[in-house]
Number of protein chains: 4
Amino acid sequence: MTPLDKLIAYFEKFPGIGARQARRFAFHILTLKPEQLAELSELITSLPKSVTECQDCHRFYSLTHQQNSGSCQICQDSNRDSKKLLIVARDTDIQAIERSGIYDGMYFVLGGTIPLLSNGDVSGKLRSGALRALIERRLKIGLAEIILAFAINPDGENTARYTEGLIREVPGAQLLKISELGRGLSTGSELEYADGETIKSALRNRS
Amino acid sequence: MTPLDKLIAYFEKFPGIGARQARRFAFHILTLKPEQLAELSELITSLPKSVTECQDCHRFYSLTHQQNSGSCQICQDSNRDSKKLLIVARDTDIQAIERSGIYDGMYFVLGGTIPLLSNGDVSGKLRSGALRALIERRLKIGLAEIILAFAINPDGENTARYTEGLIREVPGAQLLKISELGRGLSTGSELEYADGETIKSALRNRS
Amino acid sequence: MTPLDKLIAYFEKFPGIGARQARRFAFHILTLKPEQLAELSELITSLPKSVTECQDCHRFYSLTHQQNSGSCQICQDSNRDSKKLLIVARDTDIQAIERSGIYDGMYFVLGGTIPLLSNGDVSGKLRSGALRALIERRLKIGLAEIILAFAINPDGENTARYTEGLIREVPGAQLLKISELGRGLSTGSELEYADGETIKSALRNRS
Amino acid sequence: MTPLDKLIAYFEKFPGIGARQARRFAFHILTLKPEQLAELSELITSLPKSVTECQDCHRFYSLTHQQNSGSCQICQDSNRDSKKLLIVARDTDIQAIERSGIYDGMYFVLGGTIPLLSNGDVSGKLRSGALRALIERRLKIGLAEIILAFAINPDGENTARYTEGLIREVPGAQLLKISELGRGLSTGSELEYADGETIKSALRNRS
C-alpha cells in the first residue's frame, strides 16, 4: 500500500466518509502549501494535548493557560446553576443546547446511547460510575433537577429509562426531580405530517 | 383537444400531479372495468351531494340518514367539550389532531393561511366572518379556550397572529384564553440537528 | 363506507398515489364546479369509447372521425418507414421516443417486461402472439430492422433477451437485424459517478 | 482561536465538509491512538513527497523506487497505445475510465472545466500550454485520435469546444481525429424519464 492509499484509508474511517470522498480529501491535501501541511499535521498530533476531557461533565474542552484544574469552562463557571444537571449522549449535543441560549445549568456526557435492540449488555460503555459519583457530589451542594436530553427515538427513550434507573439508585436521589425535554411541534412542522405522539405532546404543552 | 387530452388536463389540476403522472392516470382509467368506470364516475358527480360543509366548523363531512342538521358528527357530539375550540388551516389538519386521540373539544377550519409575504390582502379568502360568528355563539354557552393549531413556519405564525387579532375583536372575547400548540422535539428529533427555537421550547416544556 | 371513502379508495389505486394524496384528490373534487364535475365524470365513462388500442402497435390512441380503420395515426402514416420496428414495454415509452424527433419507423407495445426474478412464467401477460403475427405481416412488406428499446436494468435486459428469442422463431426472421438502443453517458452524467458498463459503452460509441 | 478550532477550520475546507462534520472529524481524531495520530500526521506531511504530478498526463501518482523518471505508471507503460489520448477534467475521472477496463490509450488531465457562464477568462487555470506541448510531442510518435471525456452538461460541453479549438491550433493537428464519449442510455435509465437528446443519441448509437 502506497502512502497515498494509507492516507485514503485513514480518511475512509472519518465519520460519514466513503471511498470517493476520502480520495478527494487526499487530492485536497496535495493542494495545500508546505506551511499549511505542517500546521495541519501538528494540530492533529497535538490535539490530545490541547484538548482534554472534563473530569466533571466529561466533555472535551480546549486547555488554556488560566485553566488546568481538570474541569471545563462550564463546570467551573460559578454563574451557572449547579442545582440543574442536563445529561446528553454526546459532546455535540451540548453545543445544540448552548446554541439555544436559555440553559444555565450543568452538563454530563453519558458517552453514548443504549440501543433498544442490542446483543449483550452495552451499558458498560457508558459512564455510569462517573455519573453516579457526580450526582452524589452534586447532591451535597444542592442538586435539585436532572434533565434527560436524549433523542426522541427508541434508542434515546431506552437510554432515558436506563439513566433514570441509575439515578434512582444513588443514595439520596430518590426525591430528585427528573425531567425530559418537552415534545411538541418542531420548527417547520406541519400538522398533516405530524405523528400522533407529537400532536399529543403539542396539545398537552399548549400555552 | 381529444377527450383523452381533456381528461389528462383535469388530472394535471389534481394537487401535486404533473403532466406525466396525469397521463399515467388516464392509462389507469383505461384498465378499469365498465362497472368500475360507472361507479367512479357516479362517485365524482354525486360527491357534492354526499359530502357537505359543516355550518359550524366548516369541515367537509359525509351525510348520513340520521344526520341532516347542517352540522357534522363532531359538532353535534354532546360528549365533546364545547368550552374548547381548536382552529386549523385545513380540513386535513383535523384528521391529524383526531389521530392523536386526546383532543375532546370542537374545531373550526379557517380555510387557509395568510402568507407572511403576500401581495395584497388575502385575509378575504379565509372564513373570518364565520369564525367571529361562531365565537360569539359559543361564548354564550361557555367557550373558555381557543387553541391555534397552525404550522410552525412563517406563514403559520403569521396566520396565528392574524387570527388572534380577529378573536380579540369579538365582543366578550378579551378574556378568552388563547393558546398555541406546544413546541418541542418531535418524534425522531436528534438534539444535534434541532434548531435553537425548538430546543428553547423543549427546555421550557420539560416535564 | 361512505361515498367519500369509496372515492378515496378509487384514488388510492391510481398509480403512485397513497392514502393522504387520495384524500386530497377528493377534497379537490369538492372544489370543482357542477359543470366541471359533469365533464370529468363524462370523460371518465366515455374514455374507453374515445380511445382504442391500435390493432397493429397496440398503443392506445384517440379515435377521430376520419379514422376508424383500427390502426393508429402512426401505423397509418405512409410517410413512416415500415422497414423499422421499435419495440417498447409500455405506451408511455413511445412518447419519449417521439419527443426525440428522429425516429421515423413503426412501433409495437409489448405490454410489460419480464422480471429477471419472477415466480412462474409471466411471459403470458405480454403480447407475444400479436408481435409474432405483426412481424410475419411486416416481413412481407420489407421489415429489415427491429429495435429493442427497454430500460437499461436487469428486467429490461431480460425482456430484451426474451423478445429476441421470440423474434428469431418467426419464419423468415433469422436474418432480420435486431438492434438495441445505444448505451453511453446520458445528459447530466459526470464521469466520476458513471458505472463501468456505461463508460465502456461510451468509449465504444465515441464519435 | 484554540488548536481545536484551528483544526476544525482546516477540516471545514475539505471538499464537501460543513461546520458540523468538521467538528465530528475533530472528535474522531481524539479517539485515535497515539501511534495512529503519529502515522496520520506523517502521511499528511509527507504526501507531497510520496505523490507527484506526472510530467506527461499531469495526474498525481505515487512514487515507487523503480520509478523516478517524472512520468506515471500509465505514461511509461509501453503496452498502452500512444496513438490515443483521452483528455479529462480531473484526476478522479481517470479512475472512472480505468475501472471500465477497456481503454488502453494515454491520458491528459486538463485541470478543470470552463463554465459556460463565467466572469472573465478562466481558461488560464487549465493546462493549455502543457496540452499543446504534449500533442506536439505525441504527433511525432503517431498520435491519431484525441478523445474528449468531459461531463455531459453545459460546462463539460463548453470545455469540449474550447479544447477542440486548442487542439486544432497545434501545427500538424488539423487532421487528427477528435472524438467524444458516446451518449446514450446509462445503466439504470428508463425511457420514460430520458431526455430527447439522450434518446436521440441512443437511437443513433443503436447496435
# chains A, B, ... in the order shown; residues from 1 in each chain; ligands from 1

call {"tool": "interface_residues", "arguments": {"of": "chain A", "to": "chain C", "cutoff": "10 Å", "atoms": "only C-alpha atoms", "output": "PDB file with N, CA, C and O atoms, in the first residue's frame"}}
result
ATOM      1  N   ARG A  20     -14.859   7.449  -2.233  1.00  0.00           N
ATOM      2  CA  ARG A  20     -14.640   8.534  -3.186  1.00  0.00           C
ATOM      3  C   ARG A  20     -14.265   9.839  -2.502  1.00  0.00           C
ATOM      4  O   ARG A  20     -13.364  10.544  -2.932  1.00  0.00           O
ATOM      5  N   GLU A 192     -50.371  18.115   9.276  1.00  0.00           N
ATOM      6  CA  GLU A 192     -50.785  16.968   8.471  1.00  0.00           C
ATOM      7  C   GLU A 192     -49.756  15.833   8.504  1.00  0.00           C
ATOM      8  O   GLU A 192     -50.114  14.678   8.370  1.00  0.00           O
ATOM      9  N   TYR A 193     -48.487  16.184   8.657  1.00  0.00           N
ATOM     10  CA  TYR A 193     -47.455  15.161   8.620  1.00  0.00           C
ATOM     11  C   TYR A 193     -46.947  14.782  10.013  1.00  0.00           C
ATOM     12  O   TYR A 193     -46.053  13.958  10.149  1.00  0.00           O
TER      13      TYR A 193
END

call {"tool": "residues_around", "arguments": {"residues": "range 123-129 of chain C", "least_positions_apart": "6", "cutoff": "12 Å", "atoms": "only C-alpha atoms", "output": "VMD selection string"}}
result
chain C and resid 55 to 59 87 to 90 108 to 116 135 to 136 158 to 159 162 to 167 169 to 170

call {"tool": "closest_residue", "arguments": {"among": "C:Ala26, C:Ile147, C:Leu37, C:Leu43", "to": "Leu7 in chain B", "atoms": "only C-alpha atoms"}}
result
C:Leu43

call {"tool": "select_by_dssp", "arguments": {"residues": "chain A", "states": "strand (DSSP E or B)", "output": "ChimeraX atom specification"}}
result
/A:51-53,60-62,64,67,81-88,105-109,145-149,177-180,183,185

call {"tool": "write_last_selection", "arguments": {"atoms": "N, CA, C and O atoms", "output": "compact mmCIF listing (two decimals), in the first residue's frame"}}
result
# COMPACT_ATOMS: atom_id res chain seq x y z
N VAL A 51 -6.56 19.46 24.02
CA VAL A 51 -7.96 19.22 24.36
C VAL A 51 -7.98 18.14 25.42
O VAL A 51 -7.22 17.18 25.34
N THR A 52 -8.79 18.30 26.41
CA THR A 52 -8.84 17.27 27.43
C THR A 52 -10.29 17.03 27.85
O THR A 52 -11.17 17.83 27.56
N GLU A 53 -10.51 15.89 28.49
CA GLU A 53 -11.86 15.55 28.89
C GLU A 53 -12.09 16.15 30.27
O GLU A 53 -11.28 15.97 31.17
N PHE A 60 -15.16 17.14 25.97
CA PHE A 60 -13.83 17.59 25.60
C PHE A 60 -13.81 19.10 25.62
O PHE A 60 -14.77 19.75 25.21
N TYR A 61 -12.72 19.69 26.11
CA TYR A 61 -12.61 21.15 26.06
C TYR A 61 -11.16 21.53 25.82
O TYR A 61 -10.24 20.76 26.09
N SER A 62 -10.98 22.72 25.26
CA SER A 62 -9.63 23.20 24.94
C SER A 62 -8.97 23.73 26.20
O SER A 62 -9.56 24.54 26.92
N THR A 64 -6.58 26.03 28.33
CA THR A 64 -5.99 27.36 28.22
C THR A 64 -5.06 27.53 29.41
O THR A 64 -5.05 26.71 30.33
N GLN A 67 -6.34 27.80 33.03
CA GLN A 67 -7.26 26.78 33.46
C GLN A 67 -6.65 25.39 33.33
O GLN A 67 -6.55 24.84 32.24
N ASP A 81 -26.00 27.47 37.23
CA ASP A 81 -26.85 26.95 38.29
C ASP A 81 -26.53 25.48 38.57
O ASP A 81 -26.90 24.60 37.79
N SER A 82 -25.87 25.21 39.70
CA SER A 82 -25.48 23.83 39.99
C SER A 82 -26.62 22.99 40.54
O SER A 82 -26.44 21.82 40.85
N LYS A 83 -27.81 23.59 40.62
CA LYS A 83 -28.97 22.80 41.05
C LYS A 83 -29.54 21.96 39.90
O LYS A 83 -30.31 21.06 40.11
N LYS A 84 -29.13 22.31 38.65
CA LYS A 84 -29.62 21.59 37.47
C LYS A 84 -28.50 20.83 36.78
O LYS A 84 -27.40 21.36 36.61
N LEU A 85 -28.79 19.59 36.37
CA LEU A 85 -27.82 18.79 35.63
C LEU A 85 -28.52 18.22 34.40
O LEU A 85 -29.56 17.55 34.54
N LEU A 86 -27.99 18.51 33.24
CA LEU A 86 -28.60 18.02 32.00
C LEU A 86 -27.71 16.94 31.41
O LEU A 86 -26.51 17.16 31.19
N ILE A 87 -28.26 15.76 31.17
CA ILE A 87 -27.47 14.63 30.69
C ILE A 87 -27.70 14.43 29.20
O ILE A 87 -28.84 14.30 28.75
N VAL A 88 -26.62 14.41 28.43
CA VAL A 88 -26.71 14.18 26.98
C VAL A 88 -25.92 12.93 26.62
O VAL A 88 -25.10 12.44 27.40
N GLY A 105 -27.69 25.66 33.51
CA GLY A 105 -27.23 24.66 34.47
C GLY A 105 -25.98 23.93 34.03
O GLY A 105 -25.24 24.41 33.18
N MET A 106 -25.73 22.78 34.63
CA MET A 106 -24.54 21.99 34.35
C MET A 106 -24.87 20.85 33.37
O MET A 106 -26.04 20.59 33.09
N TYR A 107 -23.80 20.17 32.91
CA TYR A 107 -23.97 19.07 31.94
C TYR A 107 -23.28 17.79 32.42
O TYR A 107 -22.40 17.82 33.27
N PHE A 108 -23.67 16.69 31.77
CA PHE A 108 -22.92 15.44 31.87
C PHE A 108 -23.05 14.70 30.55
O PHE A 108 -24.16 14.54 30.03
N VAL A 109 -21.91 14.24 30.00
CA VAL A 109 -21.91 13.50 28.74
C VAL A 109 -21.84 12.00 29.06
O VAL A 109 -20.82 11.51 29.53
N GLU A 145 -32.57 19.06 40.20
CA GLU A 145 -33.24 18.54 39.00
C GLU A 145 -32.25 17.97 38.01
O GLU A 145 -31.20 18.57 37.74
N ILE A 146 -32.59 16.81 37.46
CA ILE A 146 -31.80 16.24 36.38
C ILE A 146 -32.67 16.20 35.13
O ILE A 146 -33.81 15.73 35.17
N ILE A 147 -32.14 16.74 34.05
CA ILE A 147 -32.87 16.78 32.79
C ILE A 147 -32.26 15.79 31.82
O ILE A 147 -31.07 15.88 31.50
N LEU A 148 -33.05 14.81 31.38
CA LEU A 148 -32.56 13.83 30.42
C LEU A 148 -32.80 14.38 29.02
O LEU A 148 -33.94 14.66 28.65
N ALA A 149 -31.75 14.55 28.25
CA ALA A 149 -31.88 15.15 26.92
C ALA A 149 -31.35 14.20 25.86
O ALA A 149 -30.29 14.40 25.28
N LYS A 177 -35.90 15.68 41.26
CA LYS A 177 -36.81 15.83 40.11
C LYS A 177 -36.07 15.39 38.85
O LYS A 177 -34.96 15.85 38.58
N ILE A 178 -36.68 14.45 38.11
CA ILE A 178 -36.09 14.04 36.83
C ILE A 178 -37.04 14.46 35.72
O ILE A 178 -38.21 14.07 35.73
N SER A 179 -36.57 15.29 34.80
CA SER A 179 -37.46 15.72 33.72
C SER A 179 -36.85 15.33 32.37
O SER A 179 -35.70 14.91 32.29
N GLU A 180 -37.69 15.41 31.34
CA GLU A 180 -37.19 15.17 29.98
C GLU A 180 -37.55 16.37 29.12
O GLU A 180 -38.51 17.09 29.40
N ARG A 183 -41.77 17.52 24.37
CA ARG A 183 -42.05 17.15 22.98
C ARG A 183 -43.12 18.07 22.44
O ARG A 183 -43.91 18.65 23.19
N LEU A 185 -44.36 20.29 18.47
CA LEU A 185 -44.08 20.54 17.06
C LEU A 185 -42.74 21.26 16.94
O LEU A 185 -42.52 22.28 17.57

call {"tool": "residues_around", "arguments": {"residues": "Leu181 in chain B", "least_positions_apart": "4", "cutoff": "6 Å", "atoms": "only C-alpha atoms", "output": "PDB file with all heavy atoms, in the first residue's frame"}}
result
ATOM      1  N   ALA A 202     -47.918  18.124  21.761  1.00  0.00           N
ATOM      2  CA  ALA A 202     -48.133  19.526  21.383  1.00  0.00           C
ATOM      3  C   ALA A 202     -49.430  20.044  22.002  1.00  0.00           C
ATOM      4  O   ALA A 202     -49.511  21.208  22.421  1.00  0.00           O
ATOM      5  CB  ALA A 202     -48.162  19.659  19.864  1.00  0.00           C
ATOM      6  N   LEU A 203     -50.429  19.183  22.102  1.00  0.00           N
ATOM      7  CA  LEU A 203     -51.698  19.589  22.720  1.00  0.00           C
ATOM      8  C   LEU A 203     -51.521  19.752  24.229  1.00  0.00           C
ATOM      9  O   LEU A 203     -51.987  20.721  24.821  1.00  0.00           O
ATOM     10  CB  LEU A 203     -52.793  18.551  22.424  1.00  0.00           C
ATOM     11  CG  LEU A 203     -53.497  18.716  21.071  1.00  0.00           C
ATOM     12  CD1 LEU A 203     -54.249  17.456  20.685  1.00  0.00           C
ATOM     13  CD2 LEU A 203     -54.467  19.915  21.118  1.00  0.00           C
ATOM     14  N   ARG A 206     -49.558  22.904  25.148  1.00  0.00           N
ATOM     15  CA  ARG A 206     -50.021  24.154  24.532  1.00  0.00           C
ATOM     16  C   ARG A 206     -49.924  25.269  25.563  1.00  0.00           C
ATOM     17  O   ARG A 206     -50.066  25.033  26.757  1.00  0.00           O
ATOM     18  CB  ARG A 206     -51.452  24.009  24.016  1.00  0.00           C
ATOM     19  CG  ARG A 206     -52.520  23.901  25.068  1.00  0.00           C
ATOM     20  CD  ARG A 206     -53.866  23.715  24.383  1.00  0.00           C
ATOM     21  NE  ARG A 206     -54.992  23.729  25.318  1.00  0.00           N
ATOM     22  CZ  ARG A 206     -55.480  22.641  25.885  1.00  0.00           C
ATOM     23  NH1 ARG A 206     -54.953  21.443  25.629  1.00  0.00           N
ATOM     24  NH2 ARG A 206     -56.507  22.733  26.713  1.00  0.00           N
TER      25      ARG A 206
ATOM     26  N   ALA B 149     -53.890  26.109  15.943  1.00  0.00           N
ATOM     27  CA  ALA B 149     -53.067  24.959  15.537  1.00  0.00           C
ATOM     28  C   ALA B 149     -52.624  25.118  14.092  1.00  0.00           C
ATOM     29  O   ALA B 149     -53.119  24.446  13.202  1.00  0.00           O
ATOM     30  CB  ALA B 149     -53.856  23.662  15.750  1.00  0.00           C
TER      31      ALA B 149
END

call {"tool": "select_by_dssp", "arguments": {"residues": "range 26-191 of chain C", "states": "helix (DSSP H, G or I)", "output": "PyMOL selection string"}}
result
chain C and resi 26-30+34-50+73-76+91-100+123-125+128-140+154-168+191

call {"tool": "atom_distance", "arguments": {"atom1": "CA of Ala194 in chain B", "atom2": "CA of Thr187 in chain A"}}
result
8.5 Å

call {"tool": "residues_around", "arguments": {"residues": "Glu12 in chain D", "least_positions_apart": "3", "cutoff": "12 Å", "atoms": "only C-alpha atoms", "output": "ChimeraX atom specification"}}
result
/A:25,28 /D:5-9,15-26

call {"tool": "write_last_selection", "arguments": {"atoms": "all heavy atoms", "output": "CSV table (one decimal), in the first residue's frame"}}
result
chain,number,residue,atom,x,y,z
A,25,PHE,N,-10.3,14.0,-0.5
A,25,PHE,CA,-9.6,14.6,0.6
A,25,PHE,C,-8.1,14.6,0.4
A,25,PHE,O,-7.4,15.5,0.6
A,25,PHE,CB,-9.9,13.9,1.9
A,25,PHE,CG,-11.3,14.2,2.5
A,25,PHE,CD1,-12.2,15.0,1.9
A,25,PHE,CD2,-11.7,13.6,3.7
A,25,PHE,CE1,-13.4,15.2,2.4
A,25,PHE,CE2,-12.9,13.9,4.3
A,25,PHE,CZ,-13.8,14.7,3.6
A,28,HIS,N,-7.1,17.0,-2.0
A,28,HIS,CA,-7.2,18.3,-1.4
A,28,HIS,C,-5.9,18.6,-0.6
A,28,HIS,O,-5.3,19.7,-0.6
A,28,HIS,CB,-8.4,18.4,-0.5
A,28,HIS,CG,-8.4,19.6,0.4
A,28,HIS,ND1,-8.7,20.9,-0.1
A,28,HIS,CD2,-8.2,19.8,1.7
A,28,HIS,CE1,-8.6,21.7,0.9
A,28,HIS,NE2,-8.3,21.1,2.0
D,5,ASP,N,-10.2,24.6,17.5
D,5,ASP,CA,-10.9,25.4,16.5
D,5,ASP,C,-10.1,25.5,15.2
D,5,ASP,O,-10.7,25.6,14.1
D,5,ASP,CB,-11.2,26.8,17.0
D,5,ASP,CG,-12.2,26.8,18.2
D,5,ASP,OD1,-13.0,25.9,18.2
D,5,ASP,OD2,-12.1,27.7,19.1
D,6,LYS,N,-8.8,25.6,15.3
D,6,LYS,CA,-7.9,25.7,14.1
D,6,LYS,C,-8.1,24.4,13.3
D,6,LYS,O,-8.1,24.5,12.1
D,6,LYS,CB,-6.5,25.9,14.5
D,6,LYS,CG,-6.1,27.4,14.7
D,6,LYS,CD,-4.6,27.5,15.0
D,6,LYS,CE,-4.3,28.8,15.7
D,6,LYS,NZ,-2.9,28.7,16.3
D,7,LEU,N,-8.0,23.3,14.0
D,7,LEU,CA,-8.1,22.0,13.3
D,7,LEU,C,-9.5,21.9,12.6
D,7,LEU,O,-9.6,21.5,11.4
D,7,LEU,CB,-8.0,20.8,14.3
D,7,LEU,CG,-8.0,19.5,13.6
D,7,LEU,CD1,-6.9,19.3,12.6
D,7,LEU,CD2,-7.9,18.4,14.7
D,8,ILE,N,-10.5,22.3,13.3
D,8,ILE,CA,-11.9,22.3,12.7
D,8,ILE,C,-11.9,23.2,11.5
D,8,ILE,O,-12.5,22.8,10.4
D,8,ILE,CB,-12.9,22.7,13.7
D,8,ILE,CG1,-13.1,21.6,14.8
D,8,ILE,CG2,-14.3,23.0,13.1
D,8,ILE,CD1,-14.0,22.0,16.0
D,9,ALA,N,-11.3,24.3,11.5
D,9,ALA,CA,-11.2,25.2,10.4
D,9,ALA,C,-10.5,24.5,9.2
D,9,ALA,O,-11.0,24.7,8.0
D,9,ALA,CB,-10.5,26.5,10.7
D,15,PRO,N,-13.1,19.2,0.8
D,15,PRO,CA,-14.2,19.3,-0.1
D,15,PRO,C,-15.5,18.6,0.4
D,15,PRO,O,-15.5,17.5,0.8
D,15,PRO,CB,-13.7,18.6,-1.4
D,15,PRO,CG,-12.5,17.8,-0.9
D,15,PRO,CD,-12.0,18.5,0.3
D,16,GLY,N,-16.6,19.4,0.4
D,16,GLY,CA,-17.9,18.9,0.7
D,16,GLY,C,-18.2,18.8,2.2
D,16,GLY,O,-19.2,18.2,2.7
D,17,ILE,N,-17.3,19.4,3.1
D,17,ILE,CA,-17.5,19.3,4.5
D,17,ILE,C,-17.9,20.6,5.1
D,17,ILE,O,-17.3,21.7,4.9
D,17,ILE,CB,-16.1,18.9,5.1
D,17,ILE,CG1,-15.7,17.5,4.6
D,17,ILE,CG2,-16.2,18.8,6.7
D,17,ILE,CD1,-16.8,16.4,4.7
D,18,GLY,N,-19.0,20.5,5.9
D,18,GLY,CA,-19.5,21.7,6.6
D,18,GLY,C,-19.1,21.8,8.1
D,18,GLY,O,-18.3,20.9,8.5
D,19,ALA,N,-19.5,22.8,8.8
D,19,ALA,CA,-19.1,23.0,10.2
D,19,ALA,C,-19.3,21.8,11.1
D,19,ALA,O,-18.5,21.5,11.9
D,19,ALA,CB,-19.8,24.3,10.7
D,20,ARG,N,-20.5,21.2,11.0
D,20,ARG,CA,-20.8,20.1,11.9
D,20,ARG,C,-20.0,18.9,11.7
D,20,ARG,O,-19.5,18.3,12.6
D,20,ARG,CB,-22.3,19.7,11.7
D,20,ARG,CG,-23.2,20.4,12.7
D,20,ARG,CD,-24.6,19.9,12.6
D,20,ARG,NE,-25.4,20.8,13.4
D,20,ARG,CZ,-26.6,21.2,13.1
D,20,ARG,NH1,-27.2,20.7,12.0
D,20,ARG,NH2,-27.3,22.0,13.8
D,21,GLN,N,-19.8,18.5,10.4
D,21,GLN,CA,-19.0,17.4,10.1
D,21,GLN,C,-17.5,17.6,10.5
D,21,GLN,O,-16.8,16.7,11.0
D,21,GLN,CB,-19.2,16.9,8.7
D,21,GLN,CG,-19.0,15.4,8.5
D,21,GLN,CD,-19.4,14.9,7.2
D,21,GLN,OE1,-19.8,15.7,6.3
D,21,GLN,NE2,-19.2,13.6,6.9
D,22,ALA,N,-17.1,18.8,10.2
D,22,ALA,CA,-15.7,19.2,10.6
D,22,ALA,C,-15.4,19.0,12.1
D,22,ALA,O,-14.4,18.4,12.5
D,22,ALA,CB,-15.4,20.7,10.2
D,23,ARG,N,-16.4,19.4,12.9
D,23,ARG,CA,-16.3,19.2,14.3
D,23,ARG,C,-16.3,17.7,14.7
D,23,ARG,O,-15.5,17.3,15.5
D,23,ARG,CB,-17.5,19.9,15.0
D,23,ARG,CG,-17.6,19.8,16.5
D,23,ARG,CD,-18.6,20.8,17.0
D,23,ARG,NE,-18.0,22.2,17.0
D,23,ARG,CZ,-17.3,22.7,17.9
D,23,ARG,NH1,-17.0,22.0,19.0
D,23,ARG,NH2,-16.8,23.9,17.8
D,24,ARG,N,-17.1,16.9,14.0
D,24,ARG,CA,-17.2,15.5,14.2
D,24,ARG,C,-15.8,14.8,13.9
D,24,ARG,O,-15.4,13.9,14.5
D,24,ARG,CB,-18.3,14.8,13.4
D,24,ARG,CG,-19.4,14.3,14.4
D,24,ARG,CD,-20.4,13.6,13.6
D,24,ARG,NE,-21.6,14.4,13.5
D,24,ARG,CZ,-22.3,14.7,12.4
D,24,ARG,NH1,-21.9,14.1,11.2
D,24,ARG,NH2,-23.3,15.5,12.4
D,25,PHE,N,-15.2,15.4,12.8
D,25,PHE,CA,-13.9,14.9,12.4
D,25,PHE,C,-12.9,15.1,13.6
D,25,PHE,O,-12.1,14.2,13.9
D,25,PHE,CB,-13.3,15.6,11.2
D,25,PHE,CG,-14.0,15.2,9.9
D,25,PHE,CD1,-15.0,14.2,9.9
D,25,PHE,CD2,-13.6,15.7,8.7
D,25,PHE,CE1,-15.6,13.8,8.7
D,25,PHE,CE2,-14.1,15.3,7.5
D,25,PHE,CZ,-15.2,14.4,7.5
D,26,ALA,N,-12.9,16.3,14.2
D,26,ALA,CA,-12.0,16.6,15.3
D,26,ALA,C,-12.3,15.6,16.4
D,26,ALA,O,-11.3,15.1,17.0
D,26,ALA,CB,-12.2,18.0,15.7

call {"tool": "residues_around", "arguments": {"residues": "range 94-100 of chain D", "least_positions_apart": "6", "cutoff": "7 Å", "atoms": "only C-alpha atoms", "output": "list of chain:residue names"}}
result
C:Leu191, C:Glu192, C:Gly196, C:Glu197, C:Ile199, C:Lys200

call {"tool": "atom_distance", "arguments": {"atom1": "CA of Gln36 in chain D", "atom2": "CA of Ala130 in chain A"}}
result
27.7 Å

call {"tool": "residues_around", "arguments": {"residues": "Ser201 in chain D", "least_positions_apart": "5", "cutoff": "8 Å", "atoms": "only C-alpha atoms", "output": "ChimeraX atom specification"}}
result
/C:182 /D:182-184

call {"tool": "atom_distance", "arguments": {"atom1": "CA of Asn153 in chain B", "atom2": "CA of Arg204 in chain A"}}
result
20.2 Å

call {"tool": "decode", "arguments": {"residues": "range 168-182 of chain A", "atoms": "C-alpha atoms", "output": "mmCIF file, in the first residue's frame"}}
result
data_model
loop_
_atom_site.group_PDB
_atom_site.id
_atom_site.type_symbol
_atom_site.label_atom_id
_atom_site.label_comp_id
_atom_site.auth_asym_id
_atom_site.auth_seq_id
_atom_site.Cartn_x
_atom_site.Cartn_y
_atom_site.Cartn_z
ATOM 1 C CA ARG A 168 -32.712 6.467 41.425
ATOM 2 C CA GLU A 169 -30.142 4.007 42.844
ATOM 3 C CA VAL A 170 -27.905 6.849 44.046
ATOM 4 C CA PRO A 171 -28.409 7.277 47.817
ATOM 5 C CA GLY A 172 -30.396 10.431 48.448
ATOM 6 C CA ALA A 173 -31.546 10.796 44.833
ATOM 7 C CA GLN A 174 -34.999 9.283 45.300
ATOM 8 C CA LEU A 175 -36.653 12.679 45.598
ATOM 9 C CA LEU A 176 -34.633 14.361 42.870
ATOM 10 C CA LYS A 177 -36.810 15.829 40.111
ATOM 11 C CA ILE A 178 -36.085 14.038 36.827
ATOM 12 C CA SER A 179 -37.456 15.718 33.720
ATOM 13 C CA GLU A 180 -37.193 15.168 29.981
ATOM 14 C CA LEU A 181 -37.077 17.664 27.143
ATOM 15 C CA GLY A 182 -40.577 18.670 26.093
#
